[in-house]
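Shown here: entry.cif, mmCIF, C-alpha atoms.
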```
data_input
loop_
_atom_site.label_atom_id
_atom_site.label_comp_id
_atom_site.auth_asym_id
_atom_site.auth_seq_id
_atom_site.Cartn_x
_atom_site.Cartn_y
_atom_site.Cartn_z
CA MET A 1 89.74 69.00 67.68
CA ILE A 2 87.04 66.99 69.45
CA ALA A 3 88.10 63.88 67.52
CA ILE A 4 91.72 64.33 68.66
CA ASP A 5 90.53 64.83 72.23
CA GLU A 6 88.44 61.66 72.07
CA ASN A 7 91.28 59.66 70.53
CA ILE A 8 93.72 60.72 73.27
CA PHE A 9 91.06 59.89 75.86
CA LEU A 10 90.55 56.43 74.38
CA TRP A 11 94.30 55.81 74.35
CA ILE A 12 94.86 56.90 77.97
CA ASN A 13 91.70 55.26 79.29
CA GLY A 14 92.60 52.15 77.29
CA LEU A 15 95.51 51.66 79.69
CA ALA A 16 93.05 51.15 82.55
CA GLY A 17 91.84 47.74 83.63
CA LYS A 18 95.08 45.93 82.83
CA ILE A 19 97.17 46.13 85.99
CA PRO A 20 95.01 46.15 89.15
CA VAL A 21 97.66 47.85 91.33
CA ILE A 22 98.00 50.78 88.90
CA ASP A 23 94.21 51.05 88.66
CA TRP A 24 93.94 51.12 92.44
CA LEU A 25 96.67 53.79 92.64
CA PHE A 26 95.05 56.06 90.05
CA LYS A 27 91.60 55.56 91.59
CA GLY A 28 93.00 56.89 94.86
CA ILE A 29 94.79 59.81 93.23
CA ALA A 30 91.77 60.69 91.06
CA ASN A 31 89.33 61.06 93.94
CA ASP A 32 88.00 64.49 94.81
CA TYR A 33 89.69 64.76 98.20
CA LEU A 34 93.19 63.31 98.49
CA ILE A 35 95.18 65.79 96.39
CA ILE A 36 93.05 68.83 97.26
CA VAL A 37 93.17 68.17 101.01
CA GLY A 38 96.87 67.24 100.75
CA SER A 39 97.66 70.53 98.99
CA CYS A 40 95.71 72.48 101.62
CA LEU A 41 97.63 70.71 104.40
CA VAL A 42 100.89 71.74 102.74
CA MET A 43 99.57 75.33 102.76
CA LEU A 44 98.75 74.97 106.46
CA ALA A 45 102.28 73.77 107.23
CA LEU A 46 103.79 76.56 105.15
CA TRP A 47 101.96 79.17 107.23
CA VAL A 48 104.32 78.43 110.15
CA TRP A 49 107.30 77.41 108.01
CA GLY A 50 110.47 79.47 107.64
CA SER A 51 113.90 79.86 109.16
CA ASP A 52 113.20 83.51 109.99
CA ALA A 53 110.34 86.01 110.02
CA TYR A 54 111.12 87.22 106.47
CA GLN A 55 110.93 83.73 104.98
CA ARG A 56 107.76 82.99 106.92
CA ASP A 57 106.18 86.25 105.75
CA LYS A 58 106.94 85.26 102.14
CA ASN A 59 105.40 81.82 102.68
CA GLN A 60 102.32 83.30 104.33
CA LYS A 61 101.75 85.64 101.41
CA ALA A 62 102.01 82.64 99.07
CA VAL A 63 99.40 80.84 101.17
CA ILE A 64 97.10 83.88 100.91
CA CYS A 65 97.56 83.91 97.11
CA ALA A 66 96.90 80.16 96.91
CA SER A 67 93.74 80.44 99.04
CA ILE A 68 92.31 83.26 96.92
CA SER A 69 93.27 81.37 93.74
CA LEU A 70 91.47 78.27 95.04
CA GLY A 71 88.24 80.24 95.51
CA LEU A 72 88.52 81.96 92.12
CA ALA A 73 89.32 78.67 90.35
CA GLN A 74 86.10 77.25 91.75
CA GLY A 75 84.27 80.36 90.48
CA PHE A 76 85.91 80.00 87.05
CA VAL A 77 84.66 76.42 86.72
CA SER A 78 81.14 77.34 87.91
CA THR A 79 81.03 80.17 85.34
CA CYS A 80 82.16 77.83 82.53
CA ASN A 81 79.56 75.27 83.60
CA ALA A 82 76.83 77.90 83.43
CA PHE A 83 77.58 78.52 79.74
CA CYS A 84 78.68 75.15 78.50
CA PHE A 85 77.77 71.57 79.37
CA ARG A 86 79.92 68.77 78.06
CA PRO A 87 78.76 65.22 78.81
CA ARG A 88 81.17 62.91 80.61
CA PRO A 89 83.18 60.59 78.34
CA PHE A 90 81.59 57.42 79.77
CA THR A 91 78.20 58.60 78.43
CA GLU A 92 79.52 58.96 74.87
CA LEU A 93 82.38 56.53 74.38
CA PRO A 94 83.25 52.95 75.33
CA THR A 95 85.06 53.62 78.62
CA ASN A 96 86.91 51.60 81.26
CA LEU A 97 85.20 53.42 84.11
CA LEU A 98 87.02 52.90 87.43
CA PHE A 99 85.10 55.56 89.31
CA TYR A 100 81.58 56.58 90.30
CA GLN A 101 79.57 58.40 87.60
CA PRO A 102 79.57 62.17 88.14
CA SER A 103 76.55 63.90 86.60
CA ASP A 104 77.90 67.45 86.29
CA SER A 105 79.67 68.93 83.27
CA SER A 106 82.93 67.36 82.23
CA PHE A 107 84.38 70.66 80.98
CA PRO A 108 86.49 72.04 82.58
CA SER A 109 87.75 69.79 85.38
CA ASN A 110 86.92 71.37 88.72
CA SER A 111 89.37 69.47 90.91
CA VAL A 112 92.20 69.92 88.39
CA ALA A 113 91.59 73.70 88.23
CA ILE A 114 91.74 73.87 92.03
CA VAL A 115 94.90 71.80 92.51
CA PHE A 116 96.72 73.66 89.74
CA ALA A 117 95.65 77.03 91.15
CA ILE A 118 97.08 76.08 94.57
CA ALA A 119 100.23 74.47 93.18
CA PHE A 120 101.09 77.28 90.77
CA ALA A 121 100.49 80.01 93.36
CA MET A 122 102.90 78.16 95.66
CA PHE A 123 105.36 77.61 92.80
CA LEU A 124 105.59 81.36 92.11
CA ALA A 125 106.75 81.93 95.69
CA ASN A 126 108.51 78.70 96.60
CA ARG A 127 109.90 76.60 93.73
CA LYS A 128 110.59 73.48 95.82
CA VAL A 129 107.18 73.19 97.47
CA GLY A 130 105.38 74.44 94.36
CA GLY A 131 107.23 71.98 92.13
CA PHE A 132 106.27 69.13 94.44
CA LEU A 133 102.61 70.21 94.40
CA LEU A 134 102.64 70.65 90.62
CA LEU A 135 103.90 67.10 90.24
CA PHE A 136 100.94 65.81 92.25
CA ALA A 137 98.59 68.12 90.33
CA CYS A 138 99.82 66.58 87.04
CA LEU A 139 99.33 63.07 88.42
CA HIS A 140 95.81 64.01 89.52
CA ALA A 141 95.02 65.46 86.07
CA PHE A 142 96.29 62.34 84.30
CA SER A 143 94.42 60.05 86.69
CA ARG A 144 91.09 61.82 86.02
CA VAL A 145 91.43 60.84 82.35
CA TYR A 146 92.79 57.38 83.20
CA VAL A 147 89.77 56.49 85.38
CA GLY A 148 87.39 57.72 82.67
CA VAL A 149 85.70 60.81 84.13
CA HIS A 150 87.31 63.55 82.01
CA TYR A 151 88.54 64.19 78.49
CA PRO A 152 92.16 65.41 78.19
CA PHE A 153 90.93 68.81 76.98
CA ASP A 154 88.85 69.21 80.19
CA VAL A 155 91.89 68.74 82.40
CA LEU A 156 94.09 70.90 80.15
CA VAL A 157 91.68 73.82 80.31
CA GLY A 158 91.20 73.26 84.07
CA ALA A 159 94.97 73.32 84.61
CA ALA A 160 95.52 76.35 82.37
CA GLY A 161 92.64 78.24 84.00
CA GLY A 162 93.89 77.42 87.50
CA MET A 163 97.44 78.53 86.67
CA LEU A 164 96.31 81.73 84.96
CA ILE A 165 94.18 82.63 87.97
CA ALA A 166 97.10 81.91 90.34
CA PHE A 167 99.41 84.09 88.24
CA LEU A 168 96.95 87.01 88.16
CA VAL A 169 96.18 86.73 91.88
CA THR A 170 99.90 86.74 92.71
CA ARG A 171 100.42 89.88 90.60
CA ILE A 172 97.43 91.62 92.16
CA ILE A 173 98.52 90.72 95.70
CA LYS A 174 101.98 92.08 94.89
CA ALA A 175 100.42 95.33 93.66
CA LEU A 176 98.34 95.55 96.83
CA GLU A 177 101.23 94.61 99.11
CA LYS A 178 100.75 97.68 101.29
CA TRP A 179 97.21 96.59 102.20
CA VAL A 180 98.20 92.97 102.62
CA ASN A 181 100.93 94.08 105.03
CA ILE A 182 98.35 95.93 107.13
CA VAL A 183 96.23 92.77 107.40
CA MET A 184 99.34 90.71 108.20
CA SER A 185 100.46 93.11 110.91
CA LEU A 186 97.01 92.88 112.52
CA ALA A 187 97.28 89.07 112.44
CA ARG A 188 100.78 89.39 113.90
CA LYS A 189 99.44 91.40 116.81
CA LEU A 190 97.10 88.49 117.58
CA TYR A 191 99.99 86.00 117.17
CA LEU A 192 98.27 84.37 114.20
CA ALA A 193 100.94 85.23 111.61
CA MET B 1 79.96 61.26 105.05
CA ALA B 2 80.23 64.97 105.88
CA PHE B 3 81.19 64.11 109.45
CA GLU B 4 83.83 61.66 108.24
CA TYR B 5 85.31 64.35 105.98
CA PHE B 6 85.30 66.85 108.86
CA TYR B 7 87.05 64.62 111.37
CA LEU B 8 89.61 63.35 108.88
CA VAL B 9 90.61 66.92 107.96
CA LEU B 10 90.65 67.85 111.66
CA ILE B 11 92.93 64.95 112.63
CA ALA B 12 95.22 65.42 109.63
CA SER B 13 95.51 69.16 110.31
CA VAL B 14 96.40 68.75 113.98
CA GLY B 15 99.16 66.32 112.98
CA VAL B 16 100.55 68.60 110.28
CA ILE B 17 100.49 71.64 112.58
CA GLN B 18 102.36 69.75 115.31
CA ALA B 19 105.08 68.55 112.94
CA ALA B 20 105.48 72.00 111.35
CA VAL B 21 105.65 73.92 114.64
CA ALA B 22 108.07 71.39 116.14
CA TYR B 23 110.37 71.57 113.10
CA ASN B 24 110.39 75.37 113.21
CA GLY B 25 110.96 75.56 116.97
CA PHE B 26 107.63 77.00 118.15
CA ARG B 27 107.72 75.49 121.64
CA GLY B 28 104.71 77.53 122.75
CA ILE B 29 102.25 75.80 120.41
CA SER B 30 103.79 72.34 120.43
CA PHE B 31 102.25 69.56 122.52
CA PHE B 32 105.62 67.90 122.92
CA SER B 33 109.04 68.66 124.37
CA TYR B 34 110.91 66.65 121.74
CA LYS B 35 110.66 67.17 117.98
CA VAL B 36 110.70 63.45 117.28
CA SER B 37 107.52 63.01 119.37
CA ALA B 38 105.77 65.57 117.17
CA TYR B 39 106.89 63.76 114.00
CA LEU B 40 105.62 60.47 115.41
CA PHE B 41 102.35 62.18 116.31
CA MET B 42 101.99 63.31 112.70
CA LEU B 43 102.72 59.79 111.54
CA VAL B 44 99.88 58.35 113.65
CA THR B 45 97.37 61.10 112.87
CA THR B 46 97.94 62.50 109.37
CA SER B 47 99.00 59.28 107.62
CA PRO B 48 95.89 57.25 108.52
CA ALA B 49 93.67 60.23 107.68
CA MET B 50 95.29 60.59 104.25
CA ALA B 51 95.01 56.81 103.74
CA ARG B 52 91.28 57.12 104.47
CA PHE B 53 91.02 59.87 101.84
CA PHE B 54 92.91 57.68 99.39
CA THR B 55 90.37 54.89 99.80
CA TRP B 56 87.35 57.23 100.02
CA ASN B 57 85.64 55.94 96.88
CA GLU B 58 86.07 52.33 97.93
CA ARG B 59 84.01 53.09 101.04
CA ASN B 60 81.63 55.64 99.49
CA ASP B 61 80.86 54.32 96.02
CA THR B 62 78.87 57.24 94.74
CA GLY B 63 79.75 59.58 97.51
CA VAL B 64 80.96 63.08 96.95
CA ILE B 65 80.46 66.14 99.08
CA GLU B 66 79.28 69.12 97.05
CA GLY B 67 81.94 71.83 96.49
CA ARG B 68 80.52 74.53 98.76
CA GLU B 69 79.77 72.10 101.59
CA GLN B 70 83.28 70.67 101.23
CA PHE B 71 84.80 74.16 101.47
CA PHE B 72 82.69 74.97 104.54
CA LEU B 73 83.58 71.67 106.26
CA PHE B 74 87.25 72.12 105.43
CA MET B 75 87.38 75.65 106.88
CA LEU B 76 85.46 74.52 109.97
CA ALA B 77 87.90 71.64 110.51
CA ILE B 78 90.95 73.90 110.07
CA VAL B 79 89.60 76.48 112.52
CA ALA B 80 88.78 73.67 114.99
CA ALA B 81 92.29 72.21 114.56
CA ILE B 82 93.95 75.58 115.17
CA GLY B 83 91.71 76.29 118.18
CA PHE B 84 92.36 72.84 119.62
CA THR B 85 96.11 73.25 119.10
CA LEU B 86 96.23 76.67 120.75
CA VAL B 87 94.17 75.62 123.76
CA LEU B 88 95.84 72.25 124.38
CA SER B 89 99.40 73.55 123.87
CA SER B 90 98.68 76.47 126.22
CA LEU B 91 97.45 74.03 128.88
CA LEU B 92 100.35 71.59 128.43
CA LYS B 93 103.11 74.21 128.29
CA HIS B 94 101.74 76.74 130.75
CA TRP B 95 104.03 75.77 133.64
CA SER B 96 107.19 75.05 131.72
CA LEU B 97 107.13 78.34 129.80
CA ARG B 98 105.57 80.63 132.40
CA LYS B 99 108.84 82.40 133.27
CA ASN B 100 109.69 83.24 129.65
CA ASN B 101 109.10 86.62 128.13
CA GLY B 102 107.21 86.79 124.83
CA GLU B 103 108.53 90.15 123.79
CA PHE B 104 108.42 89.51 120.04
CA ASP B 105 105.56 90.30 117.69
CA GLY B 106 103.68 87.57 115.87
CA PHE B 107 104.68 83.93 115.67
CA GLU B 108 108.22 84.61 116.89
CA ALA B 109 106.80 85.08 120.41
CA LEU B 110 105.41 81.54 120.33
CA LYS B 111 108.94 80.17 120.38
CA GLU B 112 109.16 81.32 124.00
CA VAL B 113 105.62 81.48 125.40
CA THR B 114 102.24 79.87 124.82
CA PHE B 115 99.54 81.58 122.74
CA PHE B 116 97.52 82.66 125.77
CA GLN B 117 100.62 83.83 127.65
CA ALA B 118 101.52 85.96 124.62
CA LEU B 119 98.01 87.44 124.47
CA ARG B 120 98.09 88.11 128.21
CA HIS B 121 101.45 89.79 127.83
CA ARG B 122 100.13 92.03 125.06
CA PHE B 123 96.74 92.99 126.42
CA ILE B 124 97.09 92.86 130.20
CA LYS B 125 100.68 93.35 131.29
CA ARG B 126 101.42 96.19 128.88
CA GLN B 127 98.55 98.34 130.18
#
```

Rewrite the structure from the file as structure tokens, please.
Amino acid sequence: MIAIDENIFLWINGLAGKIPVIDWLFKGIANDYLIIVGSCLVMLALWVWGSDAYQRDKNQKAVICASISLGLAQGFVSTCNAFCFRPRPFTELPTNLLFYQPSDSSFPSNSVAIVFAIAFAMFLANRKVGGFLLLFACLHAFSRVYVGVHYPFDVLVGAAGGMLIAFLVTRIIKALEKWVNIVMSLARKLYLA
Amino acid sequence: MAFEYFYLVLIASVGVIQAAVAYNGFRGISFFSYKVSAYLFMLVTTSPAMARFFTWNERNDTGVIEGREQFFLFMLAIVAAIGFTLVLSSLLKHWSLRKNNGEFDGFEALKEVTFFQALRHRFIKRQ
């Protein structure tokens, strides 16, 4: 399993360093801020988005789910890191490293877990916006391997963990809809929702 | 580095909020009278901020902000962006929307009145 993971890493990372424009593009997409901040800005826009109050209410509940999923995804990664440390690929294999050298555990990918948690929570409520965010989440996951800071298995587990968390949070929020509606109506009274 | 992150998120958020509220017709929290002005505003605020995020590692070689600090800075910037938007839009639109009646609950009211006019309507005039 580890050998397969390493071979896929070597193949994907082997593509780096050949075409400077592609390297530059993936370096930008792989960084810890662009996709995460971009996804959060989409959530911010969605809070006020909707042709009517019903649609907006649906979007706002999706944003709540995505925000909770984001926090829990971070917790999931921290918990995994507490039990298991996997060295970064550039410390073990010949790597075309296009990025700075992170010193924390490679498994699972923190940023990938977060972007997938946000994207999948949005996807469950709004296919168009969620699909768009998932596309960027996939690009981010691929780019983390391309630039040499993660193994494919790290990003796969990060993505799966993020999506599972988003799915569970959405189900729980649905089950607690009565309480969520109380909070939303309070926010509505203050013109914040 | 933390300050750069904070102000980039702040600028990008204000731009996104303006474009979103303009598109959805929330005159009370828009800085502008025309939608196209709000879209242009987003273009000159959010796009450069996102470009700066894109090139972050070219400027800060080894620079990352730790997860918790990043979350705190992000939330702070979002709250600041929302506060700034509510205050500035209330100042800019106070006179043009003062005769309107914000009789709806929630965001719907902000299509007709500013945020502070809506609050005033709820907590002062209804007493």

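The shortest atom-to-atom distance to Leu91 of chain B, with all atoms listed in the file taken into account, belongs to B:Phe116 out of B:Phe71, B:Trp56, B:Tyr39, B:Phe116.
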
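Contact shell of Met1 of chain A at 12 Å (all atoms listed in the file; same-chain neighbours under 6 positions omitted): A:Asn7, A:Ile8, A:Tyr151, A:Pro152, A:Phe153.
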
**Study point:** Close residues, Gln70 of chain B itself excluded, 12 Å, only C-alpha atoms, min 5 positions apart in chain, as a PyMOL selection string
**Key:** (chain A and resi 32-33+36-37+74) or (chain B and resi 1-6+9+64-65+75-77)

Check your understanding: For chain B, which residues have at least one atom within 7 Å of chain A, if we go by all atoms listed in the file? Write them as a PyMOL selection string, please.
Key -> chain B and resi 13+16-17+20-21+24+50+53-55+57+61-62+105-107

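Selection result for the displayed file, with the PyMOL selection byres ((chain A and resi 131-136) around 8) as criterion, is A:Ile35, A:Ser39, A:Phe116, A:Ala119, A:Phe120, A:Phe123, A:Arg127, A:Lys128, A:Val129, A:Gly130, A:Ala137, A:Cys138, A:Leu139, A:His140.
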
Point to revise | Spatial neighbours of Tyr146 of chain A, max dist 7 Å, only C-alpha atoms, sep filter under 4 positions, as a PyMOL selection string | key: chain A and resi 12-13+16+142

Exercise for review: Show which residues sit within 8 Å of Glu108 of chain B, as a count of residues only. Count only C-alpha atoms, and ignore same-chain residues fewer than 4 positions away.
Suggested key: 4

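Atom CA of Val79 of chain B to atom CA of Ile29 of chain B spans 14.9 Å [interatomic distance, one decimal].
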
Practice item. Excluding segment 78-85 of chain A and residues on its chain fewer than 3 positions from it, collect all residues at most 7 Å away from it, counting only C-alpha atoms, and give them as a VMD selection string. Key: chain A and resid 74 to 75 105 107

Serialized selection, C-alpha atoms, as an mmCIF file, keeping the file's coordinate frame:
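To be explicit, this is the file written out as again27.cif:
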```
data_model
loop_
_atom_site.group_PDB
_atom_site.id
_atom_site.type_symbol
_atom_site.label_atom_id
_atom_site.label_comp_id
_atom_site.auth_asym_id
_atom_site.auth_seq_id
_atom_site.Cartn_x
_atom_site.Cartn_y
_atom_site.Cartn_z
ATOM 1 C CA GLN A 74 86.100 77.250 91.750
ATOM 2 C CA GLY A 75 84.270 80.360 90.480
ATOM 3 C CA SER A 105 79.670 68.930 83.270
ATOM 4 C CA PHE A 107 84.380 70.660 80.980
#
```

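Straight-line separation from atom CA of Gly67 of chain B to atom CA of Ser109 of chain A: 12.7 Å.
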
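The space separating atom CA of Asn59 of chain A from atom CA of Glu177 of chain A comes to 13.9 Å.
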
Point to revise | Selection result of the PyMOL selection byres ((chain B and resi 14) around 8) on this file, as a PyMOL selection string | key: chain B and resi 10-13+15-18+42+45-46+81-82+85

Point to revise | Hits of the PyMOL selection byres ((chain B and resi 95-103) around 9) in this structure, as a PyMOL selection string | key: chain B and resi 27-28+91-94+104-105+108-114+117-118+121-122

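In this comparison, which uses all atoms listed in the file, the residue of B:Ser30, B:Ala80, B:Glu58, B:Ala19 approaching Phe115 of chain B most closely is B:Ser30.
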
Exercise for review: Counting only C-alpha atoms, write as an MDAnalysis selection string all protein and nucleic acid residues lying at most 6 Å from (94.9, 76.8, 92.3) in the file's frame.
Suggested key: chainID A and resid 69:70 114:119 162 166

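When only C-alpha atoms are used to measure the gap to Lys174 of chain A, the shortest distance among A:Leu98, A:Met43, A:Val112, A:Leu124 belongs to A:Leu124.
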
Review point. Once you count all atoms listed in the file, which residues end up no further than 7 Å from (105.9, 82.5, 98.2) in the file's frame, shown as a ChimeraX atom specification?
Key: /A:58-59,61-62,122,124-126

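Remark: for Leu86 of chain B, the closest of the candidate residues B:Phe41, B:Phe72, B:Phe31, B:Tyr7 is B:Phe31 (distances computed over all atoms listed in the file).
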